$ cat model_32.pdb   # PDB, C-alpha atoms
MODEL        1
ATOM      1  CA  MET A  29       0.000   0.000   0.000
ATOM      2  CA  ASN A  30       1.663   3.208  -1.139
ATOM      3  CA  ARG A  31      -1.197   5.684  -0.717
ATOM      4  CA  ILE A  32      -4.706   5.987   0.664
ATOM      5  CA  ASP A  33      -7.656   8.276  -0.060
ATOM      6  CA  LEU A  34     -10.162   8.805   2.755
ATOM      7  CA  HIS A  35     -12.350  11.511   1.185
ATOM      8  CA  THR A  36     -14.255  10.728  -2.023
ATOM      9  CA  HIS A  37     -17.739  11.246  -3.439
ATOM     10  CA  SER A  38     -19.982   9.188  -5.688
ATOM     11  CA  CYS A  39     -23.033   9.930  -7.801
ATOM     12  CA  CYS A  40     -25.124   9.270  -4.704
ATOM     13  CA  SER A  41     -24.255  12.830  -3.725
ATOM     14  CA  ASP A  42     -22.392  15.265  -5.977
ATOM     15  CA  GLY A  43     -19.798  13.056  -7.650
ATOM     16  CA  SER A  44     -20.061  11.580 -11.128
ATOM     17  CA  CYS A  45     -18.789   8.013 -10.503
ATOM     18  CA  THR A  46     -20.778   5.122  -9.108
ATOM     19  CA  PRO A  47     -19.526   3.593  -5.850
ATOM     20  CA  THR A  48     -18.324   0.590  -7.841
ATOM     21  CA  GLU A  49     -16.378   2.811 -10.225
ATOM     22  CA  LEU A  50     -14.659   4.489  -7.276
ATOM     23  CA  VAL A  51     -13.324   1.154  -6.052
ATOM     24  CA  GLU A  52     -12.249   0.176  -9.560
ATOM     25  CA  LEU A  53     -10.445   3.492  -9.999
ATOM     26  CA  ALA A  54      -8.697   2.994  -6.659
ATOM     27  CA  ALA A  55      -7.556  -0.482  -7.687
ATOM     28  CA  ALA A  56      -6.255   0.806 -11.020
ATOM     29  CA  ALA A  57      -4.401   3.680  -9.332
ATOM     30  CA  GLY A  58      -2.768   1.507  -6.680
ATOM     31  CA  VAL A  59      -4.716   3.147  -3.844
ATOM     32  CA  GLY A  60      -4.699   0.680  -0.964
ATOM     33  CA  ALA A  61      -7.597   2.118   1.025
ATOM     34  CA  ILE A  62     -10.479   4.370   0.042
ATOM     35  CA  ALA A  63     -13.358   5.888   1.994
ATOM     36  CA  LEU A  64     -16.698   6.793   0.453
ATOM     37  CA  THR A  65     -17.804  10.017   2.168
ATOM     38  CA  ASP A  66     -20.833  11.275   0.298
ATOM     39  CA  HIS A  67     -22.536  14.453   1.479
ATOM     40  CA  ASP A  68     -25.281  13.752   4.019
ATOM     41  CA  THR A  69     -26.099  10.306   2.612
ATOM     42  CA  VAL A  70     -24.964   6.709   3.038
ATOM     43  CA  ALA A  71     -26.980   5.403   0.090
ATOM     44  CA  GLY A  72     -23.877   4.315  -1.826
ATOM     45  CA  ILE A  73     -22.180   2.364   0.953
ATOM     46  CA  PRO A  74     -23.713  -1.107   0.311
ATOM     47  CA  GLU A  75     -22.617  -1.034  -3.339
ATOM     48  CA  PHE A  76     -19.235   0.401  -2.313
ATOM     49  CA  LEU A  77     -18.552  -2.388   0.185
ATOM     50  CA  GLU A  78     -19.724  -5.049  -2.263
ATOM     51  CA  ALA A  79     -17.287  -3.684  -4.863
ATOM     52  CA  GLY A  80     -14.574  -3.832  -2.215
ATOM     53  CA  ARG A  81     -15.221  -7.535  -1.731
ATOM     54  CA  ARG A  82     -14.478  -8.003  -5.423
ATOM     55  CA  HIS A  83     -11.237  -6.015  -5.034
ATOM     56  CA  PRO A  84      -9.599  -7.283  -1.842
ATOM     57  CA  GLU A  85      -6.472  -5.285  -2.665
ATOM     58  CA  VAL A  86      -8.462  -2.133  -1.823
ATOM     59  CA  GLU A  87      -9.642  -1.613   1.748
ATOM     60  CA  THR A  88     -13.048   0.060   1.646
ATOM     61  CA  VAL A  89     -13.964   2.362   4.537
ATOM     62  CA  PRO A  90     -17.625   3.341   4.990
ATOM     63  CA  GLY A  91     -18.010   7.033   5.645
ATOM     64  CA  VAL A  92     -20.116  10.164   5.316
ATOM     65  CA  GLU A  93     -19.505  13.922   5.120
ATOM     66  CA  LEU A  94     -21.794  16.042   7.288
ATOM     67  CA  SER A  95     -22.175  19.760   6.718
ATOM     68  CA  THR A  96     -22.382  21.961   9.822
ATOM     69  CA  MET A  97     -22.254  25.652  10.643
ATOM     70  CA  PHE A  98     -20.141  27.430  13.238
ATOM     71  CA  SER A  99     -19.608  31.167  13.582
ATOM     72  CA  ASN A 100     -21.307  31.827  10.207
ATOM     73  CA  ARG A 101     -18.911  29.501   8.393
ATOM     74  CA  GLU A 102     -19.535  26.020   7.005
ATOM     75  CA  LEU A 103     -17.518  23.315   8.707
ATOM     76  CA  HIS A 104     -17.544  19.777   7.318
ATOM     77  CA  MET A 105     -17.222  16.682   9.481
ATOM     78  CA  VAL A 106     -16.240  13.414   7.839
ATOM     79  CA  GLY A 107     -17.270  10.273   9.676
ATOM     80  CA  LEU A 108     -15.063   7.231   9.037
ATOM     81  CA  PHE A 109     -15.707   3.561   9.910
ATOM     82  CA  ILE A 110     -19.402   4.235  10.458
ATOM     83  CA  ASP A 111     -22.260   1.733  10.594
ATOM     84  CA  PRO A 112     -24.614   3.217   7.967
ATOM     85  CA  GLU A 113     -27.670   1.507   9.456
ATOM     86  CA  THR A 114     -27.409   3.119  12.896
ATOM     87  CA  PRO A 115     -30.854   4.598  13.732
ATOM     88  CA  VAL A 116     -29.403   7.820  15.171
ATOM     89  CA  LEU A 117     -27.451   8.398  11.962
ATOM     90  CA  THR A 118     -30.427   7.477   9.774
ATOM     91  CA  ALA A 119     -32.682   9.977  11.549
ATOM     92  CA  PHE A 120     -30.053  12.729  11.392
ATOM     93  CA  LEU A 121     -29.468  12.191   7.683
ATOM     94  CA  GLU A 122     -33.195  12.375   6.984
ATOM     95  CA  GLU A 123     -33.255  15.772   8.702
ATOM     96  CA  MET A 124     -30.362  16.896   6.523
ATOM     97  CA  ARG A 125     -32.002  15.524   3.400
ATOM     98  CA  GLU A 126     -35.233  17.383   4.146
ATOM     99  CA  GLY A 127     -33.205  20.577   4.436
ATOM    100  CA  ARG A 128     -31.596  19.820   1.079
ATOM    101  CA  ARG A 129     -35.011  19.266  -0.516
ATOM    102  CA  ARG A 130     -36.221  22.650   0.672
ATOM    103  CA  ARG A 131     -33.051  24.397  -0.448
ATOM    104  CA  ASN A 132     -32.977  22.711  -3.860
ATOM    105  CA  GLU A 133     -36.551  23.669  -4.603
ATOM    106  CA  GLN A 134     -35.780  27.269  -3.629
ATOM    107  CA  ILE A 135     -32.756  27.253  -5.974
ATOM    108  CA  ARG A 136     -34.895  25.823  -8.775
ATOM    109  CA  LEU A 137     -37.564  28.479  -8.301
ATOM    110  CA  LYS A 138     -34.946  31.248  -8.275
ATOM    111  CA  LEU A 139     -33.437  29.916 -11.507
ATOM    112  CA  ASN A 140     -36.901  29.805 -13.076
ATOM    113  CA  ALA A 141     -37.489  33.445 -12.100
ATOM    114  CA  LEU A 142     -34.111  34.425 -13.567
ATOM    115  CA  GLY A 143     -34.980  32.889 -16.934
ATOM    116  CA  PHE A 144     -33.152  29.566 -16.533
ATOM    117  CA  PRO A 145     -35.927  27.039 -15.822
ATOM    118  CA  VAL A 146     -34.944  23.484 -14.935
ATOM    119  CA  THR A 147     -37.082  20.503 -13.957
ATOM    120  CA  TRP A 148     -36.308  17.503 -11.783
ATOM    121  CA  ASP A 149     -36.476  15.167 -14.801
ATOM    122  CA  ASP A 150     -33.489  16.914 -16.396
ATOM    123  CA  PRO A 151     -30.798  14.326 -17.338
ATOM    124  CA  ALA A 152     -28.275  16.211 -15.203
ATOM    125  CA  PHE A 153     -30.115  14.993 -12.119
ATOM    126  CA  ALA A 154     -29.994  11.334 -13.178
ATOM    127  CA  GLY A 155     -28.446   9.130 -10.508
ATOM    128  CA  ALA A 156     -29.562  11.390  -7.694
ATOM    129  CA  ASP A 157     -32.689  10.647  -5.692
ATOM    130  CA  SER A 158     -35.866  11.485  -7.549
ATOM    131  CA  ASP A 159     -37.072  13.538  -4.573
ATOM    132  CA  SER A 160     -34.032  15.854  -5.000
ATOM    133  CA  ALA A 161     -32.577  15.180  -1.529
ATOM    134  CA  SER A 162     -29.181  14.113  -2.912
ATOM    135  CA  ILE A 163     -28.962  16.894  -5.463
ATOM    136  CA  GLY A 164     -26.407  19.647  -4.935
ATOM    137  CA  ARG A 165     -25.375  22.811  -6.719
ATOM    138  CA  PRO A 166     -23.057  20.869  -9.098
ATOM    139  CA  HIS A 167     -26.138  19.096 -10.483
ATOM    140  CA  PHE A 168     -27.758  22.465 -11.176
ATOM    141  CA  ALA A 169     -24.539  23.731 -12.749
ATOM    142  CA  ARG A 170     -24.337  20.724 -15.055
ATOM    143  CA  ALA A 171     -28.004  21.134 -16.046
ATOM    144  CA  LEU A 172     -27.528  24.807 -16.865
ATOM    145  CA  MET A 173     -24.303  24.164 -18.744
ATOM    146  CA  HIS A 174     -25.977  21.582 -20.989
ATOM    147  CA  LYS A 175     -29.278  23.450 -21.407
ATOM    148  CA  TYR A 176     -28.180  27.064 -21.682
ATOM    149  CA  GLY A 177     -24.702  26.933 -23.177
ATOM    150  CA  PHE A 178     -22.551  27.903 -20.218
ATOM    151  CA  PRO A 179     -18.951  26.951 -21.112
ATOM    152  CA  THR A 180     -18.074  25.375 -17.749
ATOM    153  CA  MET A 181     -19.681  24.457 -14.459
ATOM    154  CA  GLN A 182     -17.545  27.095 -12.757
ATOM    155  CA  SER A 183     -19.019  29.751 -15.039
ATOM    156  CA  VAL A 184     -22.476  28.794 -13.786
ATOM    157  CA  PHE A 185     -21.328  29.115 -10.189
ATOM    158  CA  ASP A 186     -19.691  32.464 -10.871
ATOM    159  CA  ARG A 187     -22.825  33.912 -12.468
ATOM    160  CA  LEU A 188     -25.654  32.258 -10.538
ATOM    161  CA  LEU A 189     -24.896  29.731  -7.806
ATOM    162  CA  LYS A 190     -22.057  30.790  -5.544
ATOM    163  CA  ARG A 191     -22.575  32.774  -2.356
ATOM    164  CA  GLY A 192     -23.803  36.275  -3.146
ATOM    165  CA  CYS A 193     -25.186  35.369  -6.589
ATOM    166  CA  ALA A 194     -28.820  35.644  -7.605
ATOM    167  CA  ALA A 195     -29.751  31.945  -7.316
ATOM    168  CA  TYR A 196     -27.761  31.198  -4.171
ATOM    169  CA  VAL A 197     -29.719  29.888  -1.187
ATOM    170  CA  PRO A 198     -27.999  29.444   2.200
ATOM    171  CA  ARG A 199     -28.234  26.083   3.917
ATOM    172  CA  GLU A 200     -29.864  25.204   7.237
ATOM    173  CA  LEU A 201     -27.061  23.454   9.100
ATOM    174  CA  PRO A 202     -26.556  21.957  12.571
ATOM    175  CA  ASP A 203     -23.798  22.691  15.072
ATOM    176  CA  PRO A 204     -20.587  20.635  14.644
ATOM    177  CA  ALA A 205     -20.998  19.139  18.130
ATOM    178  CA  ARG A 206     -24.195  17.418  17.064
ATOM    179  CA  ALA A 207     -22.555  15.953  13.962
ATOM    180  CA  ILE A 208     -19.716  14.632  16.120
ATOM    181  CA  GLU A 209     -22.215  12.981  18.470
ATOM    182  CA  VAL A 210     -24.045  11.342  15.556
ATOM    183  CA  ILE A 211     -20.800  10.010  14.048
ATOM    184  CA  HIS A 212     -19.815   8.519  17.401
ATOM    185  CA  ALA A 213     -23.269   6.968  17.815
ATOM    186  CA  ALA A 214     -22.695   5.273  14.440
ATOM    187  CA  GLY A 215     -19.430   3.764  15.701
ATOM    188  CA  GLY A 216     -17.221   6.088  13.708
ATOM    189  CA  ILE A 217     -14.643   8.787  14.277
ATOM    190  CA  ALA A 218     -15.140  12.468  13.469
ATOM    191  CA  VAL A 219     -12.616  14.138  11.141
ATOM    192  CA  TRP A 220     -12.620  17.873  10.435
ATOM    193  CA  ALA A 221     -12.394  18.008   6.639
ATOM    194  CA  HIS A 222     -10.313  20.545   4.650
ATOM    195  CA  PRO A 223      -9.807  22.707   7.745
ATOM    196  CA  VAL A 224      -7.860  25.581   6.181
ATOM    197  CA  TYR A 225      -7.872  27.527   2.926
ATOM    198  CA  ARG A 226      -4.754  28.644   1.111
ATOM    199  CA  GLU A 227      -5.967  32.164   0.415
ATOM    200  CA  ARG A 228      -6.522  32.980   4.077
ATOM    201  CA  ASN A 229      -4.491  33.291   7.238
ATOM    202  CA  GLU A 230      -6.087  30.303   8.916
ATOM    203  CA  ARG A 231      -3.967  29.590  11.989
ATOM    204  CA  ALA A 232      -6.256  31.424  14.411
ATOM    205  CA  TRP A 233      -9.396  29.831  12.940
ATOM    206  CA  ALA A 234      -7.919  26.311  12.981
ATOM    207  CA  LYS A 235      -6.741  26.706  16.583
ATOM    208  CA  ARG A 236     -10.142  27.999  17.618
ATOM    209  CA  ILE A 237     -11.985  25.018  16.139
ATOM    210  CA  MET A 238      -9.577  22.384  17.435
ATOM    211  CA  ARG A 239      -9.469  23.934  20.893
ATOM    212  CA  ARG A 240     -13.268  24.069  21.066
ATOM    213  CA  PHE A 241     -14.202  20.717  19.564
ATOM    214  CA  SER A 242     -11.410  18.339  20.594
ATOM    215  CA  PRO A 243     -12.843  18.230  24.161
ATOM    216  CA  LEU A 244     -16.266  17.560  22.584
ATOM    217  CA  GLY A 245     -15.066  14.490  20.707
ATOM    218  CA  LEU A 246     -13.328  15.650  17.542
ATOM    219  CA  ASP A 247     -11.032  12.735  16.729
ATOM    220  CA  ALA A 248      -8.947  13.794  13.753
ATOM    221  CA  VAL A 249      -8.269  16.460  11.173
ATOM    222  CA  GLU A 250      -7.502  16.308   7.461
ATOM    223  CA  GLY A 251      -3.854  17.198   7.136
ATOM    224  CA  TYR A 252      -3.421  16.012   3.538
ATOM    225  CA  TYR A 253      -5.820  17.451   0.966
ATOM    226  CA  SER A 254      -5.863  18.222  -2.752
ATOM    227  CA  MET A 255      -5.813  21.985  -2.271
ATOM    228  CA  PHE A 256      -3.076  22.008   0.379
ATOM    229  CA  GLY A 257       0.510  22.980  -0.225
ATOM    230  CA  PRO A 258       3.359  22.133   2.164
ATOM    231  CA  GLN A 259       2.572  25.103   4.407
ATOM    232  CA  GLU A 260      -1.047  24.110   4.928
ATOM    233  CA  THR A 261      -0.131  20.510   5.679
ATOM    234  CA  ALA A 262       2.597  21.603   8.105
ATOM    235  CA  LEU A 263       0.167  23.916   9.907
ATOM    236  CA  VAL A 264      -2.497  21.237  10.299
ATOM    237  CA  LEU A 265       0.002  18.604  11.454
ATOM    238  CA  GLU A 266       1.434  21.013  14.014
ATOM    239  CA  LEU A 267      -1.978  21.849  15.449
ATOM    240  CA  ALA A 268      -3.128  18.220  15.367
ATOM    241  CA  GLY A 269      -0.194  17.390  17.608
ATOM    242  CA  LEU A 270      -0.958  20.310  19.900
ATOM    243  CA  TYR A 271      -4.564  19.200  20.383
ATOM    244  CA  HIS A 272      -3.848  15.436  20.381
ATOM    245  CA  LEU A 273      -5.796  14.697  17.220
ATOM    246  CA  ALA A 274      -5.201  11.926  14.696
ATOM    247  CA  VAL A 275      -4.504  12.888  11.068
ATOM    248  CA  SER A 276      -6.430  11.858   7.973
ATOM    249  CA  GLY A 277      -6.291  12.862   4.335
ATOM    250  CA  GLY A 278      -8.032  12.563   1.016
ATOM    251  CA  SER A 279      -8.525  13.985  -2.434
ATOM    252  CA  ASP A 280     -12.182  15.110  -2.181
ATOM    253  CA  PHE A 281     -12.618  13.366  -5.519
ATOM    254  CA  HIS A 282     -15.846  14.178  -7.409
ATOM    255  CA  GLY A 283     -15.031  12.633 -10.780
ATOM    256  CA  ALA A 284     -16.026  14.689 -13.818
ATOM    257  CA  ASN A 285     -17.580  17.324 -11.563
ATOM    258  CA  SER A 286     -14.079  18.337 -10.429
ATOM    259  CA  PRO A 287     -11.968  17.272 -13.397
ATOM    260  CA  ASN A 288      -8.679  18.635 -12.022
ATOM    261  CA  ILE A 289      -8.827  16.341  -8.981
ATOM    262  CA  GLN A 290      -7.826  12.707  -9.413
ATOM    263  CA  LEU A 291      -8.568   9.895  -7.002
ATOM    264  CA  GLY A 292      -5.539   9.180  -4.827
ATOM    265  CA  SER A 293      -3.378  11.985  -6.192
ATOM    266  CA  GLY A 294      -5.598  15.069  -6.028
ATOM    267  CA  ALA A 295      -4.265  17.838  -8.231
ATOM    268  CA  GLY A 296      -1.151  15.738  -8.897
ATOM    269  CA  GLY A 297       0.964  16.126  -5.794
ATOM    270  CA  LEU A 298      -1.229  14.564  -3.120
ATOM    271  CA  LEU A 299       0.186  11.600  -1.233
ATOM    272  CA  VAL A 300      -1.716  10.584   1.889
ATOM    273  CA  PRO A 301       0.686   8.399   3.921
ATOM    274  CA  PRO A 302      -0.811   4.920   4.315
ATOM    275  CA  GLU A 303       0.443   4.630   7.891
ATOM    276  CA  LEU A 304      -2.165   7.208   8.911
ATOM    277  CA  LEU A 305      -4.795   4.498   8.530
ATOM    278  CA  ASN A 306      -3.512   2.587  11.558
ATOM    279  CA  GLY A 307      -3.692   5.688  13.732
ATOM    280  CA  LEU A 308      -7.272   6.334  12.639
ATOM    281  CA  LYS A 309      -8.245   2.734  13.306
ATOM    282  CA  ALA A 310      -6.696   2.927  16.778
ATOM    283  CA  ARG A 311      -8.652   6.100  17.471
ATOM    284  CA  CYS A 312     -11.813   4.327  16.305
ATOM    285  CA  VAL A 313     -11.218   1.388  18.658
ATOM    286  CA  ALA A 314     -10.649   3.776  21.557
ATOM    287  CA  ARG A 315     -13.720   5.822  20.675
ATOM    288  CA  ARG A 316     -15.966   2.770  20.489
ATOM    289  CA  ALA A 317     -14.681   1.589  23.846
ATOM    290  CA  ALA A 318     -15.410   5.000  25.346
ATOM    291  CA  VAL A 319     -18.938   5.040  23.901
ATOM    292  CA  ASP A 320     -19.705   1.475  25.006
ATOM    293  CA  LYS A 321     -18.285   1.999  28.509
ATOM    294  CA  PRO A 322     -18.616   5.708  29.267
ATOM    295  CA  GLY A 323     -17.724   5.268  32.923
ATOM    296  CA  LEU A 324     -14.198   4.071  32.178
ATOM    297  CA  PRO A 325     -11.308   6.524  31.767
TER     298      PRO A 325
ENDMDL
END
$ encode --input "model_32.pdb" --output "structure tokens"
Amino acid sequence: MNRIDLHTHSCCSDGSCTPTELVELAAAAGVGAIALTDHDTVAGIPEFLEAGRRHPEVETVPGVELSTMFSNRELHMVGLFIDPETPVLTAFLEEMREGRRRRNEQIRLKLNALGFPVTWDDPAFAGADSDSASIGRPHFARALMHKYGFPTMQSVFDRLLKRGCAAYVPRELPDPARAIEVIHAAGGIAVWAHPVYRERNERAWAKRIMRRFSPLGLDAVEGYYSMFGPQETALVLELAGLYHLAVSGGSDFHGANSPNIQLGSGAGGLLVPPELLNGLKARCVARRAAVDKPGLP
């Protein structure tokens, strides 16, 4: 095993590949372990794990990415090693999906009013749930690109869909502490995904989040990510050590919806050290023991 990728998305959320295709891509790329971490859904995990059984050279890790809000900023929690059938997780995801339905219909109505009507039977939404709960802004961007001649998906975001644009609708999101609790209830560990951004001075923000949420059960942080350079990785690793957090990493692969990001290698220079997997597994064992026997130290 020379690399791992613990942050990927399938067509069950806003990626373009099926869960099976993700595993096949990992096998072809020599990725020894891959996590499926779709946004607010675990619908793809059964197919993903079944594909893993056909490719024993690839360790398949069931996961999910939960969107939260803290201090007026989105903060994403990846759950790794989860049991997707846990009732607490199932109920939480249904809440999130209902919020997505409401938001997606509001986006659709705004686009209609702006002269860009789309309907739920548009081919761009194929593969997502028919009730629109698994649809995200990339689906809208693809529909508008194909129907109205936008040159790229990014051009749709820049004109209509990103924050501050005419068709943007903010999300209704829970506090990170609740997402952490749900991930633990599902037997998993909570990883703060893509914690810093290259265009900002993020040290103070990263310290604030780790200091606040590590006592509340944050288990790990993504130190290796497609958009990170050496400085970002060094910062996250330093702070992970300071707050006694494990380290994870992944590409945030979305297939054709993010064509510059490749599974396992990100934008070309990503290499998530495979030895991180053992540390994450150890944290998971310790977390499950703490949840099962809360009275023990």
$ residues_around --input "model_32.pdb" --residues "A:Pro47" --least-positions-apart "3" --cutoff "6 Å" --atoms "all atoms listed in the file" --output "number ranges by chain"
A: 38, 50, 72, 76
$ closest_residue --input "model_32.pdb" --among "A:Ala63, A:Ala317, A:Leu172, A:Val146" --to "A:Glu133" --atoms "only C-alpha atoms"
A:Val146
$ closest_atom_pairs --input "model_32.pdb" --of "stretch 38-145 of chain A" --to "stretch 277-297 of chain A" --cutoff "8 Å" --atoms "only C-alpha atoms" --output "tab-separated table"
residue	atom	partner	partner_atom	distance
A:Ser38	CA	A:His282	CA	6.7
A:Asp42	CA	A:His282	CA	6.8
A:Gly43	CA	A:His282	CA	4.1
A:Ser44	CA	A:Gly283	CA	5.2
A:Cys45	CA	A:Gly283	CA	6.0
A:Leu53	CA	A:Leu291	CA	7.3
A:Ala54	CA	A:Leu291	CA	6.9
A:Ala57	CA	A:Gly292	CA	7.2
A:Val59	CA	A:Gly292	CA	6.2
$ residues_around --input "model_32.pdb" --residues "A:Gly251" --least-positions-apart "5" --cutoff "12 Å" --atoms "all atoms listed in the file" --output "PyMOL selection string"
chain A and resi 34-35+219-225+234+256-269+273-279+298-301+304
$ residues_around --input "model_32.pdb" --residues "stretch 183-189 of chain A" --least-positions-apart "2" --cutoff "9 Å" --atoms "all atoms listed in the file" --output "JSON, numbers by chain"
{"A": [135, 139, 165, 166, 168, 169, 170, 172, 173, 178, 179, 180, 181, 191, 192, 193, 194, 195, 196, 197]}
$ write_last_selection --input "model_32.pdb" --atoms "C-alpha atoms" --output "PDB file, in the frame of the given file"
ATOM      1  CA  ILE A 135     -32.756  27.253  -5.974  1.00  0.00           C
ATOM      2  CA  LEU A 139     -33.437  29.916 -11.507  1.00  0.00           C
ATOM      3  CA  ARG A 165     -25.375  22.811  -6.719  1.00  0.00           C
ATOM      4  CA  PRO A 166     -23.057  20.869  -9.098  1.00  0.00           C
ATOM      5  CA  PHE A 168     -27.758  22.465 -11.176  1.00  0.00           C
ATOM      6  CA  ALA A 169     -24.539  23.731 -12.749  1.00  0.00           C
ATOM      7  CA  ARG A 170     -24.337  20.724 -15.055  1.00  0.00           C
ATOM      8  CA  LEU A 172     -27.528  24.807 -16.865  1.00  0.00           C
ATOM      9  CA  MET A 173     -24.303  24.164 -18.744  1.00  0.00           C
ATOM     10  CA  PHE A 178     -22.551  27.903 -20.218  1.00  0.00           C
ATOM     11  CA  PRO A 179     -18.951  26.951 -21.112  1.00  0.00           C
ATOM     12  CA  THR A 180     -18.074  25.375 -17.749  1.00  0.00           C
ATOM     13  CA  MET A 181     -19.681  24.457 -14.459  1.00  0.00           C
ATOM     14  CA  ARG A 191     -22.575  32.774  -2.356  1.00  0.00           C
ATOM     15  CA  GLY A 192     -23.803  36.275  -3.146  1.00  0.00           C
ATOM     16  CA  CYS A 193     -25.186  35.369  -6.589  1.00  0.00           C
ATOM     17  CA  ALA A 194     -28.820  35.644  -7.605  1.00  0.00           C
ATOM     18  CA  ALA A 195     -29.751  31.945  -7.316  1.00  0.00           C
ATOM     19  CA  TYR A 196     -27.761  31.198  -4.171  1.00  0.00           C
ATOM     20  CA  VAL A 197     -29.719  29.888  -1.187  1.00  0.00           C
TER      21      VAL A 197
END
$ atom_distance --input "model_32.pdb" --atom1 "atom CA of A:Ala218" --atom2 "atom CA of A:Ala71"
19.2 Å
$ atom_distance --input "model_32.pdb" --atom1 "atom CA of A:Asn132" --atom2 "atom CA of A:Glu209"
26.6 Å
$ resolve_selection --input "model_32.pdb" --expression "the PyMOL selection byres ((chain A and resi 313) around 12)" --output "VMD selection string"
chain A and resid 108 to 110 212 215 to 217 247 306 to 312 314 to 320
$ resolve_selection --input "model_32.pdb" --expression "the PyMOL selection byres ((chain A and resi 152) around 7)" --output "ChimeraX atom specification"
/A:150-151,153-154,167,170-171
$ residues_around --input "model_32.pdb" --residues "A:Pro112" --least-positions-apart "4" --cutoff "10 Å" --atoms "all atoms listed in the file" --output "ChimeraX atom specification"
/A:69-74,90-92,116-118,211,214-216
$ atom_distance --input "model_32.pdb" --atom1 "atom CA of A:His67" --atom2 "atom CA of A:Phe241"
20.9 Å
$ closest_residue --input "model_32.pdb" --among "A:Leu64, A:Val210, A:Ala141, A:Ala232" --to "A:Cys40" --atoms "only C-alpha atoms"
A:Leu64
$ residues_near_point --input "model_32.pdb" --point "(-4.9, 4.7, -1.2)" --cutoff "6 Å" --atoms "all atoms listed in the file" --output "PyMOL selection string"
chain A and resi 31-33+59-62+292
$ write_last_selection --input "model_32.pdb" --atoms "C-alpha atoms" --output "PDB file, in the frame of the given file"
ATOM      1  CA  ARG A  31      -1.197   5.684  -0.717  1.00  0.00           C
ATOM      2  CA  ILE A  32      -4.706   5.987   0.664  1.00  0.00           C
ATOM      3  CA  ASP A  33      -7.656   8.276  -0.060  1.00  0.00           C
ATOM      4  CA  VAL A  59      -4.716   3.147  -3.844  1.00  0.00           C
ATOM      5  CA  GLY A  60      -4.699   0.680  -0.964  1.00  0.00           C
ATOM      6  CA  ALA A  61      -7.597   2.118   1.025  1.00  0.00           C
ATOM      7  CA  ILE A  62     -10.479   4.370   0.042  1.00  0.00           C
ATOM      8  CA  GLY A 292      -5.539   9.180  -4.827  1.00  0.00           C
TER       9      GLY A 292
END
$ resolve_selection --input "model_32.pdb" --expression "the PyMOL selection byres ((chain A and resi 244) around 9)" --output "number ranges by chain"
A: 205, 208-209, 240-243, 245-246
$ write_last_selection --input "model_32.pdb" --atoms "C-alpha atoms" --output "mmCIF file, in the coordinates of the input"
data_model
loop_
_atom_site.group_PDB
_atom_site.id
_atom_site.type_symbol
_atom_site.label_atom_id
_atom_site.label_comp_id
_atom_site.auth_asym_id
_atom_site.auth_seq_id
_atom_site.Cartn_x
_atom_site.Cartn_y
_atom_site.Cartn_z
ATOM 1 C CA ALA A 205 -20.998 19.139 18.130
ATOM 2 C CA ILE A 208 -19.716 14.632 16.120
ATOM 3 C CA GLU A 209 -22.215 12.981 18.470
ATOM 4 C CA ARG A 240 -13.268 24.069 21.066
ATOM 5 C CA PHE A 241 -14.202 20.717 19.564
ATOM 6 C CA SER A 242 -11.410 18.339 20.594
ATOM 7 C CA PRO A 243 -12.843 18.230 24.161
ATOM 8 C CA GLY A 245 -15.066 14.490 20.707
ATOM 9 C CA LEU A 246 -13.328 15.650 17.542
#
$ residues_near_point --input "model_32.pdb" --point "(-19.9, 28.5, 12.3)" --cutoff "12 Å" --atoms "only C-alpha atoms" --output "list of chain:residue names"
A:Ser95, A:Thr96, A:Met97, A:Phe98, A:Ser99, A:Asn100, A:Arg101, A:Glu102, A:Leu103, A:His104, A:Glu200, A:Leu201, A:Pro202, A:Asp203, A:Pro204, A:Ala205, A:Trp233, A:Arg236, A:Ile237, A:Arg240
$ closest_residue --input "model_32.pdb" --among "A:Arg128, A:Leu77, A:Lys175, A:Ala248" --to "A:Thr147" --atoms "all atoms listed in the file"
A:Lys175
